[in-house]
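Novice: This is the structure I have questions about; it appears just below.
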Amino acid sequence: MTYITKPRLHHPNLPANDLGFTRRDYEGSVSTLCAGCGHDSISASIIQACFELNIEPHRLAKLSGIGCSSKTPDYFLGNSHGFNSVHGRMPSVLTGANLANRDLLYLGVSGDGDSASIGLGQFAHSIRRGVNMTYIVENNGVYGLTKGQFSATSDKGSKSKKGVVNHDSAIDLVSLALQLGATFVARSFSGDKAQLTPLIKAAMRHRGAAFIDCISPCIQFNNHAGSTKSFDYVREHNEAVNRLDVVTPREPIHIDHAPGTTQLVTQHDGEVLALHKLGDHYDPSDRVGAITFLQQRAALGEIVTGLLYVDPAAEDLHASLGTVDTPLNALGGRALTPGSSVLEALNASLR
Ligand SMILES: Cc1ncc(C[n+]2csc(CCOP(=O)(O)OP(=O)(O)O)c2C)c(N)n1
Ligand code: SF4
Ligand SMILES: [Mg+2]
């Protein structure tokens with residue numbers, strides 16, 4: 001509850017990361033979501049990922065829209081920058097912030113209503129532009145905050161709590177992100193912290209648009225028989241294509257899996273993603289193959305999870321715009337307003 005302050009006391013021997021911070025330093029205020037909501041489990045994974053990555057809280061900005069999912073940034077990273085924007089408008093606010101200050105890590109948290117219904121256009125443009133961000137959709141297939149209407153990710157034929165059948169086709173944000181050119185695309189399940197936490201870590205270390213669609217059951221309005229986003233349904237139909245470890249360059253890389261079952265992917269900063277394949281059919285560097293595989297499995301009623309696609313050499317929006325290395329908000333007045341003669345010369349070059 002917002003009026004209950006979290007106790008500051010904690011066990012004196014809580015493990016600390018390289019910066020001397022404990023997990024408590026990455027927490028936020030007490031959650032007001034329904035007890036058992038999948039969104040709270042995702043918050044726990046975000047806290048764990050930031051703790052393990054040794055992120056300085058003041059170097060991260062968390063942004064969201066409106067919805068139960070978009071409320072969650074209040075429940076983690078209480079010492080980071082935060083902006084709770086308007087319904088469906090998080091991506092453009094995040095893009096603007098990122099362009100103004102490229103030195104921060106950007107975490108966008110959204111819902112299926114926020115990103116696939118009202119915010120679909122914003123979602124699409126931030127992905128296709130390659131904004132350097134981790135974009136997590138906490139996908140429960142309903143508008144949880146407004147009491148359970150179907151969202152654009154509700155599967156055709158799935159039933160509401162009152163038994164109403166959804167007749168509209170679903171938008172699959174993972175397939176869409178692949179088509180739009182996202183350079184890191186994953187799907188996970190709030191109930192699988194062992195899979196989700198390394199995916200968040202890898203997404204945060206990726207340069208470019210990293211998208212994670214996380215199925216997150218709404219226990220209040222979408223956790224019944226007939227729903228395809230319930231805990232039971234996702235557990236029964238989940239097909240994980242791989243498991244991920246993120247290995248920082250400082251640590252020796254020991255992979256103890258049999259040859260042929262582990263694929264190493266080196267990212268920009270030298271960090272290695274160790275992908276343990278669960279089936280030898282899956283290649284996460286093949287965008288077209290990923291789209292086809294998703295469609296084939298969806299036709300069988302399966303929900304594919306894991307790291308579905310990654311381009312380790314991806315560039316971001318700053319690279320395509322050719323912005324300077326210094327964050328724009330750190331440039332002095334002289335650099336930002338170089339004077340009328342420079343403007344004259346620029347105009348002349350365009351005539
Ligand atoms: C412009 C606008 N339209 C509609 C609403 C009402 N509204 C608030 S949250 C929401 C849907 C939230 O669904 P989702 O993003 O899936 O989040 P969830 O609550 O399921 O986590 C809607 C329609 C609003 N706040 N603003
Ligand atoms: S209504 Fe659904 S999405 Fe919202 S807090 Fe409750 S369980 Fe979570
Ligand atoms: Mg929702």
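Residues are named by chain letter and number: chains run A, B, ... in the order of the structure tokens, numbers start at 1 in each chain, and ligands are numbered from 1 in the order shown.
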Using only C-alpha atoms, determine which residues lie at most 10 Å from Ser31 of chain A, disregarding the query and same-chain residues fewer than 6 positions distant; provide the list as a list in words.

Specialist: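 Counting only C-alpha atoms, the residues come to Met1, Thr2, Ile4, His39, Asp40, Ser43, Lys71, Thr72, Pro73, Asp74, Tyr75 and Phe76 of chain A.
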
Novice: Run DSSP on the backbone and tell me which residues of segment 236-345 of chain A come out as strand (DSSP E); list them as a PyMOL selection string.

Specialist: chain A and resi 238-240+242-247+262-266+272-277+303-310

Novice: For Gly38 of chain A, which residue among A:Met204, A:Cys218, A:Cys50, A:Val247 is the nearest when counting only C-alpha atoms?

Specialist: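 Distance minimum relative to Gly38 of chain A lands on A:Cys218.
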
Novice: Please give me, as JSON, numbers by chain, the residues lying within 7 Å of ligand 2 when counting only C-alpha atoms and all ligand atoms.

Specialist: {"A": [33, 34, 36, 37, 38, 39, 68, 69, 140, 144, 145, 147, 218, 219, 220, 221]}

Novice: Residues at most 7 Å from ligand 1, using only C-alpha atoms and all ligand atoms? Could they come as JSON, numbers by chain?

Specialist: {"A": [66, 67, 68, 69, 70, 86, 87, 110, 111, 112, 113, 114, 115, 138, 139, 140, 141, 142, 143, 144, 145, 146, 151]}

Novice: May I ask for the distance between atom CA of Lys201 of chain A and atom CA of Ala49 of chain A, given in Å to one decimal place?

Specialist: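 Atom-to-atom, atom CA of Lys201 of chain A and atom CA of Ala49 of chain A are spaced 5.3 Å apart.
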
Novice: Work out how far atom CA of Ile303 of chain A is from atom CA of Ser230 of chain A, in Å to one decimal.

Specialist: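 Distance reported for this atom pair: 12.1 Å.
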
Novice: So which residues touch segment 158-163 of chain A within 9 Å, counting only C-alpha atoms, skipping near sequence neighbours fewer than 6 positions away, as a ChimeraX atom specification?

Specialist: /A:142,148-150,220-228

Novice: Where does DSSP see alpha helix (DSSP H) in segment 7-170 of chain A, if you list the residues as a ChimeraX atom specification?

Specialist: /A:38-52,68-71,90-100,112,120-128

Novice: Write out as a PyMOL selection string each polymer residue whose atoms come within 8 Å of Val246 of chain A, counting only C-alpha atoms; drop sequence neighbours fewer than 3 positions from it.

Specialist: chain A and resi 198+201-202+271-274

Novice: Residues near Ala210 of chain A, anyone? I mean within 6 Å using only C-alpha atoms, not counting same-chain ones fewer than 3 positions away, as a PyMOL selection string.

Specialist: chain A and resi 134+184+203
